[in-house]
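K.L.:
Sharing upload-v9.csv, CSV, C-alpha atoms:
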```
chain,number,residue,atom,x,y,z
A,15,MET,CA,-20.5,-51.2,-40.3
A,16,ALA,CA,-20.8,-51.5,-36.5
A,17,THR,CA,-19.1,-54.4,-34.8
A,18,PHE,CA,-19.7,-56.0,-31.4
A,19,ALA,CA,-17.7,-58.1,-28.9
A,20,CYS,CA,-18.0,-59.2,-25.3
A,21,GLU,CA,-15.0,-58.7,-23.1
A,22,VAL,CA,-13.8,-58.5,-19.5
A,23,PHE,CA,-11.1,-56.4,-17.9
A,24,LYS,CA,-8.5,-57.4,-15.2
A,25,HIS,CA,-9.1,-54.2,-13.2
A,26,HIS,CA,-12.9,-55.0,-13.0
A,27,ARG,CA,-12.2,-58.2,-10.9
A,28,ARG,CA,-14.6,-58.6,-8.0
A,29,GLN,CA,-13.8,-59.9,-4.5
A,30,ASP,CA,-15.3,-63.3,-5.4
A,31,GLY,CA,-13.0,-63.6,-8.4
A,32,SER,CA,-15.8,-62.9,-11.0
A,33,TYR,CA,-15.8,-60.3,-13.7
A,34,PRO,CA,-18.7,-58.2,-15.2
A,35,VAL,CA,-19.0,-58.7,-19.0
A,36,LYS,CA,-19.0,-55.6,-21.1
A,37,LEU,CA,-20.4,-55.3,-24.6
A,38,ARG,CA,-18.0,-53.4,-26.9
A,39,VAL,CA,-19.6,-51.4,-29.7
A,40,THR,CA,-17.4,-50.1,-32.5
A,41,HIS,CA,-18.9,-47.7,-34.9
A,42,ASN,CA,-17.3,-45.1,-37.2
A,43,ARG,CA,-13.9,-45.8,-35.5
A,44,THR,CA,-15.4,-44.9,-32.1
A,45,VAL,CA,-15.6,-47.5,-29.3
A,46,LYS,CA,-18.4,-47.5,-26.6
A,47,ARG,CA,-18.8,-50.1,-23.9
A,48,LEU,CA,-22.1,-51.1,-22.4
A,49,ALA,CA,-22.8,-52.9,-19.2
A,50,THR,CA,-24.6,-56.3,-19.4
A,51,ASN,CA,-26.2,-58.6,-16.9
A,52,LEU,CA,-23.6,-61.3,-17.7
A,53,THR,CA,-20.9,-62.5,-15.3
A,54,ALA,CA,-17.7,-64.3,-16.1
A,55,TYR,CA,-16.1,-66.7,-13.6
A,56,PRO,CA,-12.5,-67.9,-13.7
A,57,GLU,CA,-13.6,-71.2,-15.3
A,58,ASP,CA,-15.2,-69.2,-18.2
A,59,LEU,CA,-12.0,-67.4,-19.1
A,60,THR,CA,-8.6,-68.2,-20.6
A,61,ARG,CA,-5.4,-67.0,-18.8
A,62,SER,CA,-5.6,-63.9,-21.0
A,63,LEU,CA,-9.2,-63.2,-19.9
A,64,ARG,CA,-10.8,-64.2,-23.2
A,65,ILE,CA,-14.2,-65.8,-22.9
A,66,LYS,CA,-14.0,-69.6,-23.6
A,67,GLY,CA,-16.6,-71.8,-25.2
A,68,GLY,CA,-19.5,-72.9,-23.1
A,69,GLN,CA,-22.7,-71.5,-21.7
A,70,LEU,CA,-21.4,-68.0,-21.2
A,71,LYS,CA,-19.9,-67.9,-24.7
A,72,ASN,CA,-23.3,-68.9,-26.1
A,73,ARG,CA,-25.0,-66.2,-24.2
A,74,CYS,CA,-22.5,-63.6,-25.4
A,75,ASN,CA,-23.0,-64.8,-29.0
A,76,ALA,CA,-26.8,-64.5,-28.5
A,77,LEU,CA,-26.4,-60.9,-27.3
A,78,ILE,CA,-24.2,-60.0,-30.2
A,79,LYS,CA,-26.7,-61.5,-32.6
A,80,ASP,CA,-29.5,-59.4,-31.0
A,81,CYS,CA,-27.4,-56.3,-31.5
A,82,ARG,CA,-26.8,-57.1,-35.1
A,83,ASP,CA,-30.5,-57.7,-35.7
A,84,ALA,CA,-31.2,-54.3,-34.1
A,85,VAL,CA,-28.7,-52.6,-36.4
A,86,ALA,CA,-30.3,-54.4,-39.4
A,87,ASP,CA,-33.5,-52.5,-38.8
A,88,ILE,CA,-31.8,-49.2,-39.2
A,89,SER,CA,-31.8,-47.6,-42.7
A,90,ILE,CA,-28.5,-48.0,-44.5
A,91,PHE,CA,-28.7,-44.2,-45.2
A,92,ASP,CA,-29.2,-43.4,-41.5
A,93,LEU,CA,-26.6,-45.7,-40.0
A,94,PRO,CA,-23.4,-44.0,-41.3
A,95,LYS,CA,-24.7,-40.6,-39.9
A,96,MET,CA,-25.2,-42.0,-36.4
A,97,THR,CA,-22.6,-41.5,-33.7
A,98,ALA,CA,-21.5,-44.5,-31.6
A,99,GLU,CA,-23.5,-43.1,-28.7
A,100,GLN,CA,-26.6,-42.7,-30.8
A,101,LEU,CA,-26.2,-46.2,-32.1
A,102,CYS,CA,-25.9,-47.6,-28.6
A,103,ASP,CA,-29.0,-45.7,-27.5
A,104,THR,CA,-31.0,-47.1,-30.4
A,105,ILE,CA,-29.8,-50.7,-29.7
A,106,LYS,CA,-30.7,-50.3,-26.0
A,107,ARG,CA,-34.2,-49.1,-26.9
A,108,LYS,CA,-34.8,-52.0,-29.3
A,109,LEU,CA,-33.5,-54.6,-26.8
A,110,GLU,CA,-35.6,-53.1,-24.0
A,111,ARG,CA,-38.7,-53.1,-26.3
A,112,ARG,CA,-38.2,-56.8,-27.0
A,113,ASP,CA,-39.3,-57.5,-23.4
A,114,TRP,CA,-41.9,-54.8,-23.2
A,115,SER,CA,-45.6,-55.7,-23.1
A,116,LEU,CA,-48.9,-53.9,-22.6
A,117,ASP,CA,-52.1,-55.7,-21.6
A,118,PHE,CA,-54.8,-54.3,-23.9
A,119,PHE,CA,-57.6,-54.8,-21.4
A,120,ALA,CA,-55.7,-53.2,-18.6
A,121,PHE,CA,-54.9,-50.2,-20.8
A,122,ALA,CA,-58.5,-49.9,-21.9
A,123,ARG,CA,-60.0,-50.0,-18.5
A,124,ASN,CA,-57.4,-48.2,-16.4
A,125,GLU,CA,-55.8,-45.7,-18.7
A,126,PHE,CA,-58.2,-45.1,-21.7
A,127,MET,CA,-61.8,-45.2,-20.4
A,128,PRO,CA,-61.2,-42.8,-17.4
A,129,THR,CA,-60.2,-40.1,-19.9
A,130,ARG,CA,-63.4,-40.3,-21.9
A,131,ALA,CA,-66.7,-38.5,-21.3
A,132,ALA,CA,-69.1,-40.3,-19.0
A,133,ASN,CA,-71.7,-40.7,-21.8
A,134,THR,CA,-69.2,-42.6,-24.1
A,135,GLN,CA,-67.5,-44.8,-21.5
A,136,GLU,CA,-70.3,-47.4,-21.7
A,137,HIS,CA,-69.9,-47.8,-25.5
A,138,TYR,CA,-66.2,-48.6,-25.0
A,139,LYS,CA,-66.9,-50.9,-22.1
A,140,THR,CA,-69.5,-52.8,-24.1
A,141,ALA,CA,-67.0,-53.3,-27.0
A,142,VAL,CA,-64.2,-54.4,-24.6
A,143,ASN,CA,-66.6,-56.8,-22.9
A,144,ALA,CA,-67.5,-58.3,-26.3
A,145,PHE,CA,-63.8,-58.8,-27.1
A,146,ALA,CA,-63.3,-60.5,-23.8
A,147,ARG,CA,-66.1,-62.9,-24.6
A,148,PHE,CA,-64.5,-63.7,-27.9
A,149,LEU,CA,-61.1,-64.4,-26.3
A,150,GLY,CA,-62.5,-66.2,-23.4
A,151,GLY,CA,-60.7,-64.0,-20.9
A,152,GLU,CA,-59.4,-60.5,-20.2
A,153,SER,CA,-55.7,-60.6,-21.0
A,154,ILE,CA,-53.9,-60.1,-24.2
A,155,ASP,CA,-50.7,-58.3,-25.1
A,156,ILE,CA,-51.5,-55.5,-27.5
A,157,ASN,CA,-48.9,-56.7,-30.0
A,158,ALA,CA,-50.6,-60.1,-30.1
A,159,ILE,CA,-53.7,-58.5,-31.7
A,160,THR,CA,-53.6,-59.4,-35.4
A,161,VAL,CA,-55.8,-58.7,-38.5
A,162,LYS,CA,-56.8,-62.4,-38.6
A,163,MET,CA,-57.9,-62.2,-35.0
A,164,LEU,CA,-60.0,-59.1,-35.6
A,165,ASN,CA,-61.6,-60.6,-38.6
A,166,GLU,CA,-62.5,-63.6,-36.6
A,167,PHE,CA,-63.9,-61.3,-33.9
A,168,ALA,CA,-66.1,-59.5,-36.4
A,169,ASP,CA,-67.4,-62.9,-37.6
A,170,TYR,CA,-68.1,-63.8,-34.0
A,171,LEU,CA,-70.0,-60.6,-33.4
A,172,ASP,CA,-72.1,-61.2,-36.6
A,173,ALA,CA,-73.0,-64.7,-35.3
A,174,GLU,CA,-73.9,-63.6,-31.8
A,175,PRO,CA,-77.7,-63.3,-31.0
A,176,LYS,CA,-79.2,-59.8,-31.0
A,177,TYR,CA,-80.1,-58.3,-27.6
A,178,MET,CA,-82.7,-55.7,-26.8
A,179,HIS,CA,-82.3,-53.1,-24.1
A,180,THR,CA,-85.2,-53.3,-21.6
A,181,PRO,CA,-85.9,-51.7,-18.2
A,182,THR,CA,-84.8,-55.0,-16.5
A,183,GLY,CA,-81.6,-55.4,-18.6
A,184,PHE,CA,-80.7,-57.0,-21.9
A,185,LYS,CA,-83.1,-59.5,-23.5
A,186,LYS,CA,-82.1,-62.0,-26.2
A,187,THR,CA,-84.2,-61.7,-29.4
A,188,ASP,CA,-84.5,-63.7,-32.6
A,189,LYS,CA,-84.0,-60.7,-34.9
A,190,PRO,CA,-81.2,-60.6,-37.4
A,191,LYS,CA,-78.3,-58.1,-36.7
A,192,SER,CA,-77.9,-55.1,-39.0
A,193,GLY,CA,-74.1,-55.1,-38.7
A,194,VAL,CA,-74.0,-51.7,-36.9
A,195,SER,CA,-72.9,-53.3,-33.6
A,196,THR,CA,-70.1,-55.1,-35.2
A,197,ILE,CA,-68.9,-51.9,-36.9
A,198,ASN,CA,-69.2,-49.9,-33.7
A,199,TYR,CA,-67.4,-52.5,-31.6
A,200,ILE,CA,-64.5,-52.8,-34.0
A,201,ARG,CA,-64.2,-49.0,-34.3
A,202,SER,CA,-64.2,-48.6,-30.5
A,203,LEU,CA,-61.4,-51.1,-30.1
A,204,SER,CA,-59.5,-49.3,-32.9
A,205,THR,CA,-59.8,-46.0,-31.0
A,206,ILE,CA,-58.4,-47.6,-27.9
A,207,PHE,CA,-55.6,-49.3,-29.9
A,208,SER,CA,-54.7,-45.9,-31.5
A,209,ALA,CA,-54.6,-44.2,-28.1
A,210,ALA,CA,-52.1,-46.8,-26.9
A,211,ARG,CA,-49.9,-46.2,-29.9
A,212,ARG,CA,-49.9,-42.5,-29.4
A,213,LYS,CA,-49.0,-42.9,-25.7
A,214,TYR,CA,-46.3,-45.5,-25.9
A,215,ASN,CA,-44.7,-44.9,-29.3
A,216,ASP,CA,-42.1,-42.1,-29.9
A,217,GLU,CA,-41.7,-42.0,-33.7
A,218,ASP,CA,-39.2,-39.2,-33.6
A,219,ALA,CA,-36.9,-41.1,-31.3
A,220,GLY,CA,-37.4,-44.3,-33.2
A,221,ASP,CA,-39.0,-46.0,-30.1
A,222,VAL,CA,-41.9,-47.8,-31.6
A,223,ARG,CA,-43.2,-50.2,-29.0
A,224,ILE,CA,-46.5,-51.0,-30.9
A,225,PRO,CA,-45.4,-51.2,-34.5
A,226,ARG,CA,-48.3,-52.8,-36.2
A,227,THR,CA,-51.8,-51.3,-37.0
A,228,PRO,CA,-54.0,-54.4,-37.4
A,229,PHE,CA,-57.2,-52.4,-37.5
A,230,ASP,CA,-56.2,-51.0,-40.9
A,231,GLY,CA,-56.7,-54.4,-42.4
A,232,ILE,CA,-60.3,-54.8,-41.3
A,233,GLU,CA,-63.0,-54.5,-44.0
A,234,LEU,CA,-66.2,-53.1,-42.6
A,235,THR,CA,-68.0,-51.7,-45.7
A,236,GLY,CA,-69.5,-55.1,-46.5
A,237,ARG,CA,-71.5,-55.1,-43.2
A,238,GLN,CA,-74.6,-53.1,-44.1
A,239,CYS,CA,-76.4,-51.0,-41.5
A,240,LYS,CA,-79.8,-50.9,-43.2
A,241,GLY,CA,-81.6,-49.4,-40.3
A,242,GLN,CA,-79.4,-46.3,-40.5
A,243,GLN,CA,-79.6,-45.7,-44.2
A,244,SER,CA,-81.4,-42.7,-45.8
A,245,ILE,CA,-85.1,-43.3,-46.5
A,246,GLY,CA,-84.9,-40.6,-49.2
A,247,ILE,CA,-87.2,-37.7,-50.2
A,248,LYS,CA,-90.2,-40.0,-50.9
A,249,GLY,CA,-89.8,-41.8,-47.5
A,250,ILE,CA,-89.6,-38.5,-45.6
A,251,GLN,CA,-92.7,-37.1,-47.4
A,252,ALA,CA,-94.6,-40.4,-46.8
A,253,LEU,CA,-93.8,-40.1,-43.1
A,254,ILE,CA,-95.0,-36.4,-43.0
A,255,ASP,CA,-98.3,-37.6,-44.5
A,256,TYR,CA,-98.5,-40.6,-42.2
A,257,VAL,CA,-101.4,-40.6,-39.7
A,258,PRO,CA,-100.5,-42.9,-36.8
A,259,ASP,CA,-103.2,-44.9,-35.0
A,260,SER,CA,-101.7,-44.9,-31.5
A,261,ASP,CA,-99.9,-42.5,-29.2
A,262,ALA,CA,-96.7,-44.5,-29.3
A,263,ARG,CA,-96.6,-44.4,-33.1
A,264,GLN,CA,-97.5,-40.7,-33.1
A,265,ARG,CA,-94.5,-40.0,-30.8
A,266,ALA,CA,-92.2,-42.1,-32.9
A,267,ARG,CA,-93.2,-40.2,-36.1
A,268,ASP,CA,-92.9,-36.8,-34.4
A,269,LEU,CA,-89.5,-37.6,-32.9
A,270,PHE,CA,-88.1,-38.8,-36.2
A,271,LEU,CA,-89.3,-35.7,-38.1
A,272,VAL,CA,-88.1,-33.4,-35.3
A,273,SER,CA,-84.6,-35.0,-35.5
A,274,PHE,CA,-84.6,-34.7,-39.3
A,275,ALA,CA,-85.8,-31.0,-39.3
A,276,LEU,CA,-83.2,-30.0,-36.7
A,277,MET,CA,-80.4,-31.1,-39.0
A,278,GLY,CA,-80.2,-34.7,-37.8
A,279,ALA,CA,-80.1,-34.0,-34.1
A,280,ASN,CA,-79.5,-37.3,-32.3
A,281,THR,CA,-81.3,-38.9,-29.4
A,282,ALA,CA,-78.9,-38.0,-26.7
A,283,ASP,CA,-79.0,-34.3,-27.5
A,284,LEU,CA,-82.8,-34.2,-27.8
A,285,TYR,CA,-83.2,-36.1,-24.5
A,286,ALA,CA,-81.2,-33.5,-22.6
A,287,ALA,CA,-82.2,-30.5,-24.7
A,288,ALA,CA,-82.8,-27.2,-22.9
A,289,PRO,CA,-85.6,-24.9,-24.2
A,290,PRO,CA,-84.7,-22.7,-27.2
A,291,VAL,CA,-84.0,-19.0,-26.7
A,292,ASP,CA,-85.6,-16.5,-29.1
A,293,GLY,CA,-86.5,-19.4,-31.5
A,294,VAL,CA,-82.9,-20.8,-31.6
A,295,TRP,CA,-81.9,-24.1,-30.0
A,296,LYS,CA,-78.3,-23.8,-28.8
A,297,TYR,CA,-76.5,-27.0,-27.8
A,298,LYS,CA,-73.2,-28.9,-28.0
A,299,ARG,CA,-73.4,-32.3,-29.7
A,300,GLN,CA,-72.7,-34.8,-26.9
A,301,LYS,CA,-71.1,-37.4,-29.1
A,302,THR,CA,-68.3,-35.2,-30.4
A,303,VAL,CA,-68.0,-32.4,-27.8
A,304,LYS,CA,-64.8,-33.8,-26.2
A,305,LYS,CA,-63.1,-34.4,-29.6
A,306,ALA,CA,-64.4,-31.4,-31.5
A,307,GLY,CA,-64.7,-28.8,-28.8
A,308,ASN,CA,-66.4,-25.7,-30.2
A,309,GLY,CA,-66.8,-27.6,-33.4
A,310,ALA,CA,-69.6,-29.5,-31.7
A,311,ARG,CA,-71.5,-26.3,-30.9
A,312,MET,CA,-74.7,-25.8,-32.8
A,313,GLU,CA,-77.3,-23.1,-33.1
A,314,VAL,CA,-80.4,-24.3,-35.0
A,315,VAL,CA,-83.3,-21.9,-35.9
A,316,ILE,CA,-86.5,-23.8,-35.0
A,317,PRO,CA,-88.3,-24.5,-38.3
A,318,PRO,CA,-92.0,-23.6,-38.3
A,319,GLU,CA,-92.6,-26.8,-40.3
A,320,ILE,CA,-92.4,-28.9,-37.2
A,321,ALA,CA,-94.4,-26.7,-34.9
A,322,PRO,CA,-97.2,-29.4,-34.4
A,323,GLU,CA,-94.7,-32.1,-33.6
A,324,LEU,CA,-92.9,-29.9,-31.1
A,325,ARG,CA,-96.2,-29.0,-29.4
A,326,ARG,CA,-97.0,-32.7,-28.8
A,327,LEU,CA,-93.5,-33.5,-27.6
A,328,GLN,CA,-93.4,-30.6,-25.1
A,329,VAL,CA,-96.5,-31.8,-23.1
A,330,GLY,CA,-95.4,-32.7,-19.6
A,331,ALA,CA,-91.7,-31.8,-20.1
A,332,ALA,CA,-89.6,-31.7,-16.9
A,333,PRO,CA,-88.5,-28.3,-15.7
A,334,GLY,CA,-85.5,-27.1,-17.7
A,335,ARG,CA,-86.1,-29.5,-20.5
A,336,TRP,CA,-87.4,-28.6,-23.9
A,337,LEU,CA,-89.1,-32.0,-24.7
A,338,ASN,CA,-90.9,-34.5,-22.5
A,339,LEU,CA,-88.5,-37.4,-23.4
A,340,SER,CA,-87.0,-37.6,-19.9
A,341,ALA,CA,-90.5,-37.7,-18.4
A,342,VAL,CA,-91.6,-40.5,-20.7
A,343,PHE,CA,-88.4,-42.6,-20.9
A,344,ALA,CA,-86.1,-43.6,-18.1
A,345,ASP,CA,-83.1,-43.6,-20.5
A,346,LYS,CA,-82.2,-42.1,-23.9
A,347,ASP,CA,-81.6,-45.6,-25.2
A,348,TYR,CA,-85.3,-46.4,-24.8
A,349,VAL,CA,-86.1,-43.4,-27.0
A,350,SER,CA,-84.3,-45.0,-30.0
A,351,SER,CA,-85.9,-48.4,-29.5
A,352,SER,CA,-89.3,-46.8,-29.2
A,353,VAL,CA,-88.9,-44.9,-32.5
A,354,ARG,CA,-87.7,-48.0,-34.3
A,355,ASP,CA,-90.6,-50.1,-33.0
A,356,GLY,CA,-93.2,-47.4,-33.4
A,357,LEU,CA,-92.3,-46.8,-37.1
A,358,LYS,CA,-92.4,-50.5,-38.1
A,359,PRO,CA,-96.0,-50.4,-39.4
A,360,PHE,CA,-95.2,-47.2,-41.4
A,361,ALA,CA,-92.1,-48.8,-42.9
A,362,LYS,CA,-94.0,-51.9,-43.9
A,363,ALA,CA,-96.9,-49.9,-45.4
A,364,ALA,CA,-94.4,-47.6,-47.3
A,365,GLY,CA,-92.4,-50.5,-48.6
A,366,LEU,CA,-89.3,-49.5,-46.7
A,367,ASP,CA,-86.8,-51.5,-44.7
A,368,GLU,CA,-87.2,-51.1,-41.0
A,369,PHE,CA,-85.1,-48.1,-39.9
A,370,THR,CA,-83.8,-46.4,-36.7
A,371,MET,CA,-83.8,-42.9,-35.4
A,372,TYR,CA,-80.3,-42.5,-36.8
A,373,ALA,CA,-81.7,-42.7,-40.3
A,374,ALA,CA,-82.9,-39.1,-39.8
A,375,ARG,CA,-79.2,-37.9,-40.0
A,376,HIS,CA,-78.4,-40.1,-43.0
A,377,SER,CA,-81.6,-38.9,-44.7
A,378,TRP,CA,-80.8,-35.2,-44.1
A,379,ALA,CA,-77.3,-35.5,-45.3
A,380,THR,CA,-78.2,-37.5,-48.4
A,381,ILE,CA,-81.0,-35.1,-49.4
A,382,ALA,CA,-78.8,-32.1,-48.8
A,383,MET,CA,-76.2,-33.6,-51.1
A,384,LYS,CA,-78.8,-34.4,-53.7
A,385,ILE,CA,-80.0,-30.8,-53.9
A,386,GLY,CA,-76.5,-29.5,-54.3
A,387,ILE,CA,-75.4,-28.3,-50.8
A,388,ASP,CA,-71.7,-28.4,-50.5
A,389,ARG,CA,-70.2,-31.3,-48.6
A,390,SER,CA,-68.3,-29.1,-46.2
A,391,ILE,CA,-71.5,-27.3,-45.3
A,392,ILE,CA,-73.2,-30.7,-44.7
A,393,ASP,CA,-70.4,-31.7,-42.4
A,394,GLU,CA,-70.8,-28.5,-40.4
A,395,CYS,CA,-74.6,-28.9,-40.2
A,396,LEU,CA,-74.2,-32.4,-38.7
A,397,ALA,CA,-71.4,-31.2,-36.3
A,398,HIS,CA,-69.6,-34.3,-37.6
A,399,LYS,CA,-66.0,-33.2,-37.9
A,400,GLY,CA,-63.7,-35.3,-35.9
A,401,LYS,CA,-60.2,-34.5,-37.4
A,402,LEU,CA,-60.1,-30.7,-37.1
A,403,LYS,CA,-57.8,-28.6,-39.1
A,404,MET,CA,-56.3,-25.4,-37.7
A,405,ALA,CA,-58.9,-23.3,-39.6
A,406,ASP,CA,-61.7,-25.3,-38.0
A,407,VAL,CA,-60.3,-24.4,-34.5
A,408,TYR,CA,-60.0,-20.7,-35.1
A,409,VAL,CA,-62.8,-19.8,-37.5
A,410,GLU,CA,-66.2,-19.3,-36.0
A,411,LYS,CA,-69.1,-21.3,-37.5
A,412,ASP,CA,-71.5,-19.3,-39.7
A,413,PHE,CA,-74.8,-20.5,-38.4
A,414,GLU,CA,-76.7,-18.4,-40.9
A,415,VAL,CA,-75.2,-20.5,-43.7
A,416,LEU,CA,-76.0,-23.7,-41.9
A,417,ASN,CA,-79.6,-22.7,-41.2
A,418,ALA,CA,-80.1,-21.6,-44.8
A,419,ALA,CA,-79.0,-25.1,-45.9
A,420,ASN,CA,-81.6,-26.6,-43.5
A,421,THR,CA,-84.3,-24.3,-45.0
A,422,LYS,CA,-83.4,-25.6,-48.5
A,423,VAL,CA,-83.7,-29.2,-47.3
A,424,LEU,CA,-87.0,-28.7,-45.6
A,425,ALA,CA,-88.4,-26.9,-48.7
A,426,GLN,CA,-88.3,-30.2,-50.6
A,427,PHE,CA,-91.4,-31.3,-48.7
A,428,VAL,CA,-95.1,-30.4,-48.1
A,429,TRP,CA,-95.5,-30.1,-44.4
A,430,ARG,CA,-98.7,-30.5,-42.3
A,431,SER,CA,-98.0,-27.2,-40.5
A,432,GLN,CA,-101.6,-26.2,-39.9
A,433,GLU,CA,-102.5,-29.1,-37.4
```
Before anything else, please render the file you have as structure tokens.

P.N.:
Amino acid sequence: MATFACEVFKHHRRQDGSYPVKLRVTHNRTVKRLATNLTAYPEDLTRSLRIKGGQLKNRCNALIKDCRDAVADISIFDLPKMTAEQLCDTIKRKLERRDWSLDFFAFARNEFMPTRAANTQEHYKTAVNAFARFLGGESIDINAITVKMLNEFADYLDAEPKYMHTPTGFKKTDKPKSGVSTINYIRSLSTIFSAARRKYNDEDAGDVRIPRTPFDGIELTGRQCKGQQSIGIKGIQALIDYVPDSDARQRARDLFLVSFALMGANTADLYAAAPPVDGVWKYKRQKTVKKAGNGARMEVVIPPEIAPELRRLQVGAAPGRWLNLSAVFADKDYVSSSVRDGLKPFAKAAGLDEFTMYAARHSWATIAMKIGIDRSIIDECLAHKGKLKMADVYVEKDFEVLNAANTKVLAQFVWRSQE
């Protein structure tokens, strides 16, 4: 067992008569001495230079207690194997970490966000802003974030009014929340927190400055995102058969079906889509391109089933763009809201809950699973892999297999391809 003591030495006497206090560490019959910030004056010492009772003695005892507490955190199996020097290094790291702090907001804004793709920075900024509203300010030590705090933050988000994105900014609405914003905000903060742990923790060296993982204790499954759920085979077929009574509703129908038929392509990718080459749309999924690299690359054979929808959506397209979305909408976010609003009458008539553009991805995946397509193939079709294994890095995607899976999904429906 390691032992500790504070001591001074006659030959260390300074010109003013004081002495620097050394910490003596004895471990495995080896003695190491560490410098401290304590100073002993003649009145603190006996004639034999032992530290007397008083304020200095109390501070020495506190330091020794901190060292013993640091040793107590070391496994009883590891401690005997450590040299005195290794033990001293461990104690120093633990005592230094006691005074270490990291402001979560400063890390998020100054270190984390600048490393993210421009199209995702706004998502993190919105989540961080919401956390600041909840706390009433922009300052909190990262180790002060607890499970209880995060659960209260989730409840706070659930209770906040819902806002709608408009050309003039955000407008408050009286509509109930679906729960998707709460889930997305919590996950965004969790990603930032994990990035801080990766940067500031050194597990191999035993230097764990951010020990807790409070986001692991948050339960999100109870918050339903009804607008993103699958509308099923019957819902998709009903939408194929649906005859809209306005241009806006026609566009909403066409966009949703195009997204579905292109293996759940999302709004951002359709908004910026370049024209297909030889009947194949090649793109990199914007949401995961930074994380997945080549895993986000997609090559989708344009299905003939959606030829009428594509013809309508190509009218007036800007140069270099496949669809006319950038000519009609000032921002991709308006595309999603227009689809949601345009399909409300259909959802009501079909007996469905209101749904969003993202429901196209959920519907495609759910139907693919239902007809027996392997889960791994579905993941590839959605370009949805975030935690890549080595094989995913080096093995080229087989787009023939993915497009064959898409053909099987689309074969479940009767399409209005002769319009």

K.L.:
Just the number, please: distance in Å from CA of Met15 in chain A to CA of Arg107 in chain A, one decimal.

P.N.:
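Computed distance, CA of Met15 in chain A to CA of Arg107 in chain A, equals 19.3 Å.
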
K.L.:
List the neighbours of Ile105 in chain A out to 7 Å using all atoms listed in the file; skip same-chain residues closer than 3 positions along the sequence, and give me the result as a PDB file with C-alpha atoms, in the coordinates of the input.

P.N.:
```
ATOM      1  CA  CYS A  81     -27.400 -56.300 -31.500  1.00  0.00           C
ATOM      2  CA  ALA A  84     -31.200 -54.300 -34.100  1.00  0.00           C
ATOM      3  CA  LEU A 101     -26.200 -46.200 -32.100  1.00  0.00           C
ATOM      4  CA  CYS A 102     -25.900 -47.600 -28.600  1.00  0.00           C
ATOM      5  CA  LYS A 108     -34.800 -52.000 -29.300  1.00  0.00           C
ATOM      6  CA  LEU A 109     -33.500 -54.600 -26.800  1.00  0.00           C
TER       7      LEU A 109
END
```

K.L.:
In Å to one decimal, how far is CA of Arg299 in chain A from CA of Arg263 in chain A?

P.N.:
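Taking CA of Arg263 in chain A and CA of Arg299 in chain A, their separation equals 26.4 Å.
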
K.L.:
Could you work out how far CA of Ala344 in chain A lies from CA of Ser260 in chain A, giving the answer in Å with one decimal?

P.N.:
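According to the coordinates, CA of Ser260 in chain A and CA of Ala344 in chain A are separated by 20.6 Å.
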
K.L.:
Neighbours of Trp429 in chain A within 12 Å (only C-alpha atoms; same-chain residues fewer than 5 positions away dropped), as a list in words?

P.N.:
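Final neighbour list, sorted by chain and number: Ile250, Gln251, Ala252, Leu253, Ile254, Asp255, Tyr256, Leu271, Ala275, Pro317, Pro318, Glu319, Ile320, Ala321, Pro322, Glu323 and Leu424 of chain A.
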
K.L.:
From the set A:Asn133, A:Phe229, A:Arg64, A:Phe207, which residue has the shortest atom-to-atom contact distance to Lys346 in chain A, counting all atoms listed in the file?

P.N.:
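The closest residue to Lys346 in chain A is A:Asn133.
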
K.L.:
Quick one: of A:Ser32, A:Thr104, A:Thr421, A:Gln264, who's nearest to Ile387 in chain A, counting all atoms listed in the file?

P.N.:
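Closest to Ile387 in chain A, using all atoms listed in the file: A:Thr421.
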
K.L.:
Considering all atoms listed in the file, state which residue in the set A:Phe118, A:Phe274, A:Tyr55, A:Phe369 is at the smallest distance from Asp155 in chain A.

P.N.:
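Using all atoms listed in the file, Asp155 in chain A sits closest to A:Phe118.
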
K.L.:
So that I can check the surroundings of Val222 in chain A, please list as a PyMOL selection string every protein, DNA and RNA residue that reaches within 10 Å of it, counting all atoms listed in the file and ignoring chain neighbours fewer than 4 positions away.

P.N.:
chain A and resi 107-108+111+211-212+214-218+226

K.L.:
Is there a way to get, as a PDB file with C-alpha atoms, keeping the file's coordinate frame, all residues within 12 Å of the point (-73.5, -19.1, -44.1) in file coordinates, counting all atoms listed in the file?

P.N.:
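Printed below is point_35.pdb as written:
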```pdb
ATOM      1  CA  ILE A 387     -75.400 -28.300 -50.800  1.00  0.00           C
ATOM      2  CA  ASP A 388     -71.700 -28.400 -50.500  1.00  0.00           C
ATOM      3  CA  SER A 390     -68.300 -29.100 -46.200  1.00  0.00           C
ATOM      4  CA  ILE A 391     -71.500 -27.300 -45.300  1.00  0.00           C
ATOM      5  CA  ILE A 392     -73.200 -30.700 -44.700  1.00  0.00           C
ATOM      6  CA  GLU A 394     -70.800 -28.500 -40.400  1.00  0.00           C
ATOM      7  CA  CYS A 395     -74.600 -28.900 -40.200  1.00  0.00           C
ATOM      8  CA  GLU A 410     -66.200 -19.300 -36.000  1.00  0.00           C
ATOM      9  CA  LYS A 411     -69.100 -21.300 -37.500  1.00  0.00           C
ATOM     10  CA  ASP A 412     -71.500 -19.300 -39.700  1.00  0.00           C
ATOM     11  CA  PHE A 413     -74.800 -20.500 -38.400  1.00  0.00           C
ATOM     12  CA  GLU A 414     -76.700 -18.400 -40.900  1.00  0.00           C
ATOM     13  CA  VAL A 415     -75.200 -20.500 -43.700  1.00  0.00           C
ATOM     14  CA  LEU A 416     -76.000 -23.700 -41.900  1.00  0.00           C
ATOM     15  CA  ASN A 417     -79.600 -22.700 -41.200  1.00  0.00           C
ATOM     16  CA  ALA A 418     -80.100 -21.600 -44.800  1.00  0.00           C
ATOM     17  CA  ALA A 419     -79.000 -25.100 -45.900  1.00  0.00           C
ATOM     18  CA  ASN A 420     -81.600 -26.600 -43.500  1.00  0.00           C
TER      19      ASN A 420
END
```
